Structure formats: structure tokens, C-alpha cells
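**Student:** Mind looking over this structure? Questions follow.
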Number of protein chains: 2
Amino acid sequence: MTGTASSLAPARMEGNGAYNRNSCVQEAGSAPAVPLFEQAARLAVLPAPPQPIVIADYGSSQGHNSFDPMAAAIRALRERTNPDQAISIVHTDLPSSDFSALFQALATDPQSYLRIDPTTFASAVGRTFYEQILPSAGVALGWCSWAVQWLSRAPAPILDQVQVAYSKDAAVRDQYSRQVANDWRTFLHHRGRELRLGGRLIILTMALTPDGDFGYRPILEAMYAALLQLVNEDFLSAAEVHRMAIPTVARSLSDLEAPFSDGRFADLAIDHAEVFLGQDLIWDAFERNGDARAFDARWAAFSRASVLPTLARDLDRGGADTRAGEFLDRVEAEMAARLAAAPEKVVIPLGLVVLRKD
Amino acid sequence: MTGTASSLAPARMEGNGAYNRNSCVQEAGSAPAVPLFEQAARLAVLPAPPQPIVIADYGSSQGHNSFDPMAAAIRALRERTNPDQAISIVHTDLPSSDFSALFQALATDPQSYLRIDPTTFASAVGRTFYEQILPSAGVALGWCSWAVQWLSRAPAPILDQVQVAYSKDAAVRDQYSRQVANDWRTFLHHRGRELRLGGRLIILTMALTPDGDFGYRPILEAMYAALLQLVNEDFLSAAEVHRMAIPTVARSLSDLEAPFSDGRFADLAIDHAEVFLGQDLIWDAFERNGDARAFDARWAAFSRASVLPTLARDLDRGGADTRAGEFLDRVEAEMAARLAAAPEKVVIPLGLVVLRKD
């Protein structure tokens, strides 16, 4: 059996605002990071006026989930700064990301941080964060939520799953482990250049529990079963499913801390690091109202908005494949049907790291 | 006969990179402005390192036509600056603009200015330039090419044409004249805030010749005739065509100079202002090769990429109208057929203004 891995970077989140509408899991998961971001805004060394205070939002997707943390940071900064000193918020994501959805949300979403401060300005950078993408020593505050678990590339096909954490292939697991360690160092290296002295960077990412659990088991089992079902129905070929891999990897606490074994890495030091379990809002709602249909629909929509566009790229004709739209619909429907059979609480392990440059 | 004007801002240029591919007229028209931009880069007062030098590209569309002027400015700046001082280029356009095409072009176009200087960084702002969209006093150099002829809104329907310059309705012409005067002041007011002391702003826009000619006559006649033909064929309703208006207005030299009657406006002063005729590259190619088919196809594609998306928004169901794609195709085809009948040189009047803040 052979297969070639997609050597591409991950696809963008689903467009036309779909990610903004179907990312409550991510929003809830990042909530515990917001107070730390607020505190970072109180502690960060700021540039002297009239230089703007630059906040970078690395891996913003369509922006909605960044509005709360950015608003919290703006409020904390405004306790320290002249209201005339501009705050410049730069949202970054892949070139293909739906930046129009971001700018529309900034203009029209009632939660847009542009509504709370007239001297805050927004911009975007469409470039992978595995490069330096902002001027050196300019960023006072960085935020990176649910983004750095995406590898720069999938290093190998995964023949027995789409998520390497559930693959039994030790060689493949090893390739992904090396990739995730390299990508973490690359990410930190470039952020170390972009941060100002005294700046702070808050990172929230998918993690492994202390006993090595990746979580999301029912979701990923439903997803892989849905793909195999579509092979049985001759909608997909086995070769297509073999190519499909979600290029996300979770890090253990020691993975996150590894580059800092000497205390510092890329001029950065750890202020705080932990792994915790994110709240499963979808399960909580199911416990309240017993609506299994809503439970499975929301987890299926979560998967669709975040990872199915990446899998769709591995259809025979890639993004141009005429089955791409139907692929998203059918995988989502198959997943929903499977998840409805036995709703269960989903384990959502998350890592939270606060870095400072000094 | 009644009609309501679309009170919306103009639509974005045609997406998926189409504007980048079909805007040679605009690129040729702006070529005479490039040496002035280069000179501005030599003269502008720059921030002290390590502050980045900010260049704003107002109304960038998908970016390709900005690559040459930006590269010229970067080269001129690098004769004056330490190579370590970052240059930050901010491309701005409407929220709906195709920013992914911009970022893809920046990453992959052989002419991308990112290839010539490792310390130059690009970003984007998706917001109308009839507001302040960048921090005060931060922009050292501004470039605005083929953009400020777009009004903030169409103030009235144009019942006898789609371009007000060819309407015989004096009241409507008057409404557009007032709008274009107001928009010019609004634009200048915000740029005056955004520019640094000693900064320079170069503006190239559609203009009226000294005898008041708007130009583009065969193109606009073909476009309006194409729309009427589609009414005859029951593809469009008369009401739809009545709603359609291209919200662009050309300015005479005295229109451009009007706000500066006291020597300054919004802290800005005129260094240079002229009206000239842009080169008709499409006609030049026709004269060389006699290929009428290429002549009409290129002018029709020019129209499609730049103004037809705005007209399509006035279909009964707006951008969601299922005829939108066919509308673009049919108007383009009808225009091409009409233009092929009698190729003629197109008058392309352009205004060029250099402003400084001091």
C-alpha cells in the first residue's frame, strides 16, 4: 500500500464566515487565557507615544473569537495609556483565509473591539506564522489561540486514521512528533524576533493530558468512519482517504517547555505553562436539554468549519474537485448520524503558555 | 419614471485575481506617477529606527498594480536607510476586496516587492478610505492610484446612462458633482491625519480634460447599449438597468485643487498637480497587430473586472442573484461584439496630485 502525503500547508478554515459561526468550542476553550492576556496588557513594556501599541493575533481565522481577548487587552491598556496613543491590532492567518469575513465582522459585529475604542485600528497579514511576518521588535502583545497545533505541513500520510494521535503506525507517529517539535521552535524563533523587549505572548493550543490523551475520540472515530462509509458508497476512493490527514498535533506540557530547557529560547522565557481541560459547551447544552440532534449537529459543524476543508483538498482534483461541496455536506451528515447514536462528553485538552521577552 | 439609487458603496473589483489580470489600462495609466512616488521616497521625512517606515497603498484592489511603485519606493528608501529598518506596506481596500488574491500575489508573483527586500513587510486593511483607517501621523508615504474616483456612494440613479458623465440629466449631474467634491475633502481630511509631518501622498485618479471630456466614450456607449440589449432579450428588467450606476466621477484640475484655495487643506499642501492623457495600451496593440478581436475583448474584460461587479449588485436580488455570473458574461460578450464593429482609440484622462504634510 502506498500513499503520498499532501505536502501542503493546512487549508484555511471554512469561508463565508462559517468558522466564525461554528467555533464555540474554540471560543470556550480560550476563555481561561483571556485573564492572562489582560494581565499581560498590564505588564507589557509599551512604546512611547506617538508610536502605536502593536498587538498581534496569530492565526486569527475570521476574527470573531479574537474580539473578546482583544477588547480585554484594549481596556487594560487604556488604564495605562493616553487615549490618543493608537493601538494597532494585526490579525494574521494563511493567505487563503477569509479576510473579507474578518473585516466585515470588525465593521458590523456588535462585539467588534473597534466599537469600544476610537483609536484602535485593525489590519491583517496573510502569511504563515512559520516565517517572520511582522517587523522586528514591534509587537508589545501577542495572542495565538487554537492555531499553533496546525503544522506547517503534514509530514506523511496516515493510512489508518486522519488524526495521527489515533494512528497505530509508530513510524508515522514519529514523523509527526519530529514535525511538531520543529514547528514549535520555528514559531517561537520568529515570535522572539517580532516581540518588543518587555513584550508578552499568550499561546493556547491543543495539548495532551498528563496521561497522553489527545481527546476528541468520538468525533475523530465518527469522522474516520464517515470517510470509510463514503468509500463503501463509491463517493470517495480508498486512495483519497489514504491521502487525507489533519495536520494538527497536540503537545504535552513537556513538549511545550522543551525548547526552554536552558531557561530561555529565542530571547523568550516562560512566565506560565499549564495543561487543562477545556469546557465542552456542546455536551453541557445536551445535559441541560437532552437534544441529541443539536449535540451531533454542533460537533459535526465544528469539524466541518475547522478541518474538513483541509481534507477536501486531498480529493483527486484538490480544491477544484467538483465533489468538494458535496464532500463537506456528506461527511458532516455522516458524522452527525454517528454521533447521535451515543452522545458522550468530549475530552478537550488544552495547553496555555505565557511567554515574555526580556 | 421612478428609481432608487443604490446607496451602497461600490462593489469590490472582480475577485479570484481577475482584476490583477485585467487591469493593464490602470497599470499603464499610473506609470507616469511612479517616478514622482520614487522622488517622494527620497524627500519624505522618515521615522527614526527602529520604527518602521509605513507606506500606505490606498485602494490597492488585489495588489498587482502596486508592485512596481512599491518596489520603486523601496529602492529609493534603501538609498537612505539602514537595511535593518523595517518598511511596512499597508494595502487598503473595501472589506469585500479579494485579500487572498493580494496575499497570494505577494507570496508568488515574480514582481512581488517582498522579493527585493527582506525587511519589508506587507499587511492589509479592509475598510473604506472615507474614514481614518490607520493611526494618526504614522504614514511616511502614501500611494492612491485609480481609487479615489470611486465615490463613497452613488447619490442618485442615472436613468439615461450608467456613467453620470454621459447623462443629460442636469439635476443628477449636479448631485454627483456635490458628492465628488465632498468625498475629495473627506478623503483628504483623513489622509491629512494619517500622514506624518514631512510625509508625501501621490494620487492618481480619473480626470476631465481641460475641455471637460471624461473619455472612455466608446466603452461606455457599448456598455449601456449592451444593458439595453439585455432588457430587450428579457434577461434584465428596465428597473434593474435604471438602478445601475457606476459610482465613479472624474475631477478636473480645478476640482482637484479646489480644497487648497488657501494654500493648505487638512495640513496638506500641493507639490504638483496636472491632468494628462493615459496611454491606451489596448489601442496601441491593435495598431501594431490589427487584431480587432483582441481589442474588444480586452476593453470588455477591463470593464468586467472593474465596474461590472458594481452593476451586478443592482440586480433584483443583489449579489445573491442567480443571474450574477451570467450577467457578467453576457454584458462582457455584448460589449465585445459592439466594440469590434469599430475599434477606436480611447481617451483616458488622468489627474496626478502630489501632496506633502508640513
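Residues are named by chain letter and number: chains run A, B, ... in the order of the C-alpha cells, numbers start at 1 in each chain, and ligands are numbered from 1 in the order shown.
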Write out as a ChimeraX atom specification the residues lying within 10 Å of segment 38-43 of chain A, counting only C-alpha atoms and excluding same-chain residues fewer than 2 positions away.

**Tutor:** /A:33-36,45-46,55,69-80,140-142,198-202,354-356

**Student:** Please write the residues from the selection above to a file, keeping C-alpha atoms, as a compact mmCIF listing (two decimals), in the first residue's frame.

**Tutor:**
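Full text of result_3.txt as output:
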# COMPACT_ATOMS: atom_id res chain seq x y z
CA ALA A 33 -6.50 32.52 28.57
CA VAL A 34 -8.24 35.89 28.42
CA PRO A 35 -7.45 36.98 32.01
CA LEU A 36 -3.80 36.13 31.40
CA VAL A 45 6.52 47.34 28.31
CA LEU A 46 4.88 49.75 25.86
CA ILE A 55 -1.00 43.65 19.28
CA PRO A 69 -9.49 38.90 24.22
CA MET A 70 -8.66 41.99 22.15
CA ALA A 71 -11.33 44.02 23.93
CA ALA A 72 -9.97 42.85 27.30
CA ALA A 73 -6.45 43.90 26.30
CA ILE A 74 -7.63 47.28 24.99
CA ARG A 75 -9.43 48.00 28.27
CA ALA A 76 -6.36 47.01 30.31
CA LEU A 77 -4.08 49.12 28.10
CA ARG A 78 -6.35 52.14 28.34
CA GLU A 79 -5.87 52.16 32.12
CA ARG A 80 -2.20 52.80 31.41
CA ALA A 140 4.01 44.53 22.51
CA LEU A 141 1.39 41.82 22.97
CA GLY A 142 0.83 38.58 21.10
CA GLY A 198 9.20 43.52 27.70
CA GLY A 199 6.50 42.19 25.38
CA ARG A 200 4.28 39.23 26.20
CA LEU A 201 2.90 36.37 24.10
CA ILE A 202 -0.03 34.16 25.17
CA VAL A 354 2.65 32.80 28.67
CA LEU A 355 6.00 34.00 27.32
CA ARG A 356 7.89 37.21 27.90

**Student:** List every residue of chain A that has an atom at most 8 Å from any atom of chain B, and for each one report the closest atom pair and its distance in Å to one decimal, counting only C-alpha atoms, with rows sorted by chain and then by increasing residue number, as CSV.

**Tutor:**
residue,atom,partner,partner_atom,distance
A:Gln51,CA,B:Gly138,CA,8.0
A:Pro52,CA,B:Pro135,CA,7.2
A:Ala86,CA,B:Pro135,CA,5.7
A:Ile87,CA,B:Pro135,CA,7.9
A:Ser88,CA,B:Pro135,CA,7.5
A:Pro95,CA,B:Phe103,CA,5.2
A:Ser96,CA,B:Ser100,CA,5.0
A:Ser97,CA,B:Ser100,CA,6.7
A:Asp98,CA,B:Ser100,CA,7.2
A:Phe99,CA,B:Phe99,CA,6.3
A:Ser100,CA,B:Ser96,CA,5.0
A:Ala101,CA,B:Pro95,CA,7.9
A:Phe103,CA,B:Pro95,CA,5.2
A:Gln104,CA,B:Pro95,CA,5.9
A:Thr119,CA,B:Pro135,CA,7.2
A:Thr120,CA,B:Pro135,CA,7.8
A:Phe121,CA,B:Leu134,CA,6.1
A:Ala122,CA,B:Val125,CA,6.8
A:Ser123,CA,B:Val125,CA,4.7
A:Ala124,CA,B:Ala124,CA,5.1
A:Val125,CA,B:Ser123,CA,4.7
A:Gly126,CA,B:Phe103,CA,5.5
A:Arg127,CA,B:Phe103,CA,7.2
A:Ile133,CA,B:Phe121,CA,6.5
A:Leu134,CA,B:Phe121,CA,6.1
A:Pro135,CA,B:Ala86,CA,5.7
A:Ser136,CA,B:Ala86,CA,7.5
A:Gly138,CA,B:Gln51,CA,8.0

**Student:** Which value, in Å to one decimal, gives the distance between atom CA of His242 of chain B and atom CA of Gln175 of chain B?

**Tutor:** 16.4 Å

**Student:** Give the answer as one residue: which of A:Leu228, A:Ala239, A:Val331, A:Ala56 has the shortest atom-to-atom distance to Pro157 of chain A, using only C-alpha atoms?

**Tutor:** A:Ala239

**Student:** Between A:Ile348, A:Ala222, A:Ala28, A:Ala305, single out the one closest to Leu277 of chain A, counting only C-alpha atoms.

**Tutor:** A:Ile348

**Student:** From the options B:Gly29, B:Gly212, B:Pro259, B:Gly278, which residue's atoms come nearest to Lys345 of chain B, counting only C-alpha atoms?

**Tutor:**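 Selected residue with least distance to Lys345 of chain B: B:Gly278.
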
**Student:** Running DSSP on the backbone, which parts of segment 200-242 of chain A land in helix (DSSP H, G or I), as a PyMOL selection string?

**Tutor:** chain A and resi 217-232+238-242

**Student:** What's the 9 Å shell around Leu281 of chain A, counting only C-alpha atoms, without same-chain residues fewer than 5 positions away, as an MDAnalysis selection string?

**Tutor:** chainID A and resid 24:25 28 286

**Student:** Which residue is closest to Ser254 of chain A? Choose from A:Val164, A:Leu208, A:Ala341, A:Ile219 and count only C-alpha atoms.

**Tutor:**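 Distance minimum relative to Ser254 of chain A lands on A:Leu208.
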
**Student:** Env of Asp255 of chain B: 10 Å cut, atoms = only C-alpha atoms, seq-sep filter 4 positions within chain, self excluded. Answer as a list in words.

**Tutor:**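 Residues near the query, excluding close chain neighbours: Ser177, Val180, Ala181, Trp184, Ala207, Leu208, Ala250, Arg251, Pro259 and Phe260 of chain B.
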
**Student:** Excluding His190 of chain A and its own-chain neighbours fewer than 2 positions away, which residues fall within 10 Å of it when counting only C-alpha atoms? Please give them as a VMD selection string.

**Tutor:** chain A and resid 129 to 134 136 185 to 188 192 to 195 266

**Student:** Go ahead and save the residues from that selection, with all heavy atoms, as a compact mmCIF listing (two decimals), in the first residue's frame.

**Tutor:**
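The resulting file, part.txt, is reproduced below:
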# COMPACT_ATOMS: atom_id res chain seq x y z
N PHE A 129 2.64 31.79 9.88
CA PHE A 129 3.43 32.29 11.02
C PHE A 129 4.68 31.46 11.26
O PHE A 129 5.37 31.67 12.24
CB PHE A 129 2.59 32.46 12.28
CG PHE A 129 1.78 31.28 12.74
CD1 PHE A 129 2.25 29.98 12.66
CD2 PHE A 129 0.52 31.50 13.32
CE1 PHE A 129 1.50 28.91 13.12
CE2 PHE A 129 -0.23 30.43 13.78
CZ PHE A 129 0.25 29.14 13.68
N TYR A 130 4.98 30.54 10.36
CA TYR A 130 6.26 29.83 10.43
C TYR A 130 7.35 30.61 9.67
O TYR A 130 8.35 30.06 9.23
CB TYR A 130 6.12 28.39 9.93
CG TYR A 130 5.23 27.57 10.85
CD1 TYR A 130 4.02 27.06 10.40
CD2 TYR A 130 5.61 27.34 12.17
CE1 TYR A 130 3.20 26.32 11.26
CE2 TYR A 130 4.79 26.60 13.02
CZ TYR A 130 3.59 26.10 12.57
OH TYR A 130 2.78 25.38 13.42
N GLU A 131 7.11 31.90 9.48
CA GLU A 131 8.10 32.85 8.96
C GLU A 131 8.00 34.10 9.83
O GLU A 131 7.02 34.29 10.54
CB GLU A 131 7.74 33.31 7.53
CG GLU A 131 7.71 32.23 6.51
CD GLU A 131 7.18 32.75 5.17
OE1 GLU A 131 6.93 33.97 5.04
OE2 GLU A 131 7.01 31.93 4.26
N GLN A 132 9.00 35.00 9.68
CA GLN A 132 8.82 36.32 10.29
C GLN A 132 7.88 37.11 9.40
O GLN A 132 8.13 37.28 8.21
CB GLN A 132 10.15 37.06 10.46
CG GLN A 132 9.93 38.39 11.19
CD GLN A 132 11.19 39.17 11.48
OE1 GLN A 132 12.31 38.66 11.38
NE2 GLN A 132 11.01 40.43 11.85
N ILE A 133 6.79 37.61 9.96
CA ILE A 133 5.77 38.27 9.14
C ILE A 133 5.48 39.69 9.59
O ILE A 133 4.70 40.40 8.97
CB ILE A 133 4.45 37.45 9.13
CG1 ILE A 133 3.95 37.20 10.56
CG2 ILE A 133 4.68 36.12 8.41
CD1 ILE A 133 2.63 36.42 10.61
N LEU A 134 6.14 40.12 10.67
CA LEU A 134 5.98 41.49 11.16
C LEU A 134 7.37 42.04 11.46
O LEU A 134 8.31 41.27 11.70
CB LEU A 134 5.13 41.51 12.44
CG LEU A 134 3.66 41.11 12.25
CD1 LEU A 134 2.99 40.89 13.60
CD2 LEU A 134 2.92 42.19 11.47
N SER A 136 10.72 43.44 13.14
CA SER A 136 11.38 43.02 14.39
C SER A 136 11.07 43.98 15.52
O SER A 136 10.98 45.20 15.32
CB SER A 136 12.90 42.98 14.17
OG SER A 136 13.23 42.02 13.20
N ARG A 185 9.63 25.21 17.57
CA ARG A 185 10.84 26.03 17.64
C ARG A 185 10.84 27.12 16.57
O ARG A 185 11.22 28.26 16.82
CB ARG A 185 12.10 25.15 17.49
CG ARG A 185 12.44 24.39 18.74
CD ARG A 185 13.45 23.28 18.51
NE ARG A 185 13.39 22.33 19.62
CZ ARG A 185 14.12 22.44 20.73
NH1 ARG A 185 15.00 23.42 20.85
NH2 ARG A 185 13.98 21.58 21.70
N THR A 186 10.39 26.76 15.37
CA THR A 186 10.33 27.75 14.29
C THR A 186 9.38 28.88 14.66
O THR A 186 9.69 30.07 14.50
CB THR A 186 9.86 27.08 12.99
OG1 THR A 186 10.75 26.02 12.68
CG2 THR A 186 9.82 28.06 11.83
N PHE A 187 8.22 28.51 15.17
CA PHE A 187 7.23 29.51 15.58
C PHE A 187 7.83 30.44 16.64
O PHE A 187 7.76 31.67 16.52
CB PHE A 187 5.99 28.79 16.13
CG PHE A 187 4.94 29.71 16.67
CD1 PHE A 187 3.98 30.28 15.82
CD2 PHE A 187 4.88 30.03 18.03
CE1 PHE A 187 3.01 31.14 16.32
CE2 PHE A 187 3.91 30.89 18.53
CZ PHE A 187 2.98 31.45 17.67
N LEU A 188 8.44 29.85 17.67
CA LEU A 188 9.00 30.66 18.76
C LEU A 188 10.13 31.55 18.27
O LEU A 188 10.25 32.71 18.68
CB LEU A 188 9.50 29.74 19.88
CG LEU A 188 8.41 28.96 20.63
CD1 LEU A 188 9.05 27.90 21.54
CD2 LEU A 188 7.51 29.90 21.44
N GLY A 192 9.98 35.46 18.73
CA GLY A 192 11.03 36.09 19.53
C GLY A 192 11.60 37.31 18.82
O GLY A 192 11.96 38.31 19.46
N ARG A 193 11.68 37.25 17.51
CA ARG A 193 12.15 38.43 16.76
C ARG A 193 11.10 39.53 16.74
O ARG A 193 11.43 40.71 16.80
CB ARG A 193 12.47 38.03 15.31
CG ARG A 193 13.58 36.98 15.23
CD ARG A 193 14.22 36.99 13.89
NE ARG A 193 14.87 38.27 13.64
CZ ARG A 193 15.95 38.44 12.92
NH1 ARG A 193 16.54 37.40 12.36
NH2 ARG A 193 16.47 39.63 12.72
N GLU A 194 9.85 39.15 16.59
CA GLU A 194 8.80 40.16 16.42
C GLU A 194 8.43 40.88 17.71
O GLU A 194 8.00 42.04 17.67
CB GLU A 194 7.54 39.49 15.81
CG GLU A 194 7.76 39.05 14.37
CD GLU A 194 6.70 38.10 13.85
OE1 GLU A 194 5.79 37.75 14.61
OE2 GLU A 194 6.79 37.72 12.67
N LEU A 195 8.57 40.19 18.85
CA LEU A 195 8.20 40.82 20.12
C LEU A 195 9.17 41.93 20.49
O LEU A 195 10.37 41.85 20.23
CB LEU A 195 8.20 39.79 21.25
CG LEU A 195 6.93 39.03 21.60
CD1 LEU A 195 7.11 38.35 22.96
CD2 LEU A 195 5.68 39.88 21.61
N ALA A 266 15.10 31.76 22.02
CA ALA A 266 14.77 32.86 21.10
C ALA A 266 14.45 34.14 21.86
O ALA A 266 13.52 34.87 21.50
CB ALA A 266 13.60 32.47 20.18

**Student:** As a VMD selection string, please: every residue in segment 1-171 of chain B that a backbone DSSP assignment puts in strand (DSSP E).

**Tutor:** chain B and resid 53 to 58 87 to 93 120 to 126 139 to 145

**Student:** Given the selection you just returned, output its residues as a file containing C-alpha atoms, formatted as a PDB file, in the first residue's frame.

**Tutor:**
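After the write, result30.pdb holds the following:
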ATOM      1  CA  ILE B  53       8.687  53.259   7.674  1.00  0.00           C
ATOM      2  CA  VAL B  54       4.994  52.984   6.844  1.00  0.00           C
ATOM      3  CA  ILE B  55       3.841  53.141   3.216  1.00  0.00           C
ATOM      4  CA  ALA B  56       0.087  53.118   2.652  1.00  0.00           C
ATOM      5  CA  ASP B  57      -1.408  51.900  -0.627  1.00  0.00           C
ATOM      6  CA  TYR B  58      -4.943  53.279  -0.588  1.00  0.00           C
ATOM      7  CA  ILE B  87       9.410  49.048   5.767  1.00  0.00           C
ATOM      8  CA  SER B  88       5.767  48.273   6.433  1.00  0.00           C
ATOM      9  CA  ILE B  89       3.466  48.417   3.404  1.00  0.00           C
ATOM     10  CA  VAL B  90      -0.248  48.556   4.165  1.00  0.00           C
ATOM     11  CA  HIS B  91      -2.653  47.853   1.310  1.00  0.00           C
ATOM     12  CA  THR B  92      -6.156  49.134   1.914  1.00  0.00           C
ATOM     13  CA  ASP B  93      -9.416  48.453   0.127  1.00  0.00           C
ATOM     14  CA  THR B 120       9.811  44.835   4.010  1.00  0.00           C
ATOM     15  CA  PHE B 121       6.531  43.523   5.428  1.00  0.00           C
ATOM     16  CA  ALA B 122       3.033  43.655   3.943  1.00  0.00           C
ATOM     17  CA  SER B 123      -0.375  43.934   5.557  1.00  0.00           C
ATOM     18  CA  ALA B 124      -3.903  44.888   4.594  1.00  0.00           C
ATOM     19  CA  VAL B 125      -6.787  46.960   5.908  1.00  0.00           C
ATOM     20  CA  GLY B 126     -10.319  46.205   4.707  1.00  0.00           C
ATOM     21  CA  VAL B 139       2.307  57.177   7.233  1.00  0.00           C
ATOM     22  CA  ALA B 140       5.532  58.405   5.625  1.00  0.00           C
ATOM     23  CA  LEU B 141       4.452  57.710   2.047  1.00  0.00           C
ATOM     24  CA  GLY B 142       1.006  57.283   0.542  1.00  0.00           C
ATOM     25  CA  TRP B 143       0.012  55.973  -2.887  1.00  0.00           C
ATOM     26  CA  CYS B 144      -3.525  56.063  -4.228  1.00  0.00           C
ATOM     27  CA  SER B 145      -3.958  55.014  -7.831  1.00  0.00           C
TER      28      SER B 145
END

**Student:** Using only C-alpha atoms, can you tell me which of A:Ala312, A:Ala292, A:Leu151, A:Leu159 comes closest to Leu236 of chain A?

**Tutor:**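 Checking each candidate against Leu236 of chain A, we get A:Ala312 as the closest.
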
**Student:** What does the distance from atom CA of Arg323 of chain B to atom CA of Ala300 of chain B come to in Å, to one decimal?

**Tutor:**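 Taking atom CA of Arg323 of chain B and atom CA of Ala300 of chain B, their separation equals 18.6 Å.
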
**Student:** Atom CA of Pro210 of chain A and atom CA of Trp146 of chain A, how far apart in Å?

**Tutor:**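 A separation of 19.3 Å between them.
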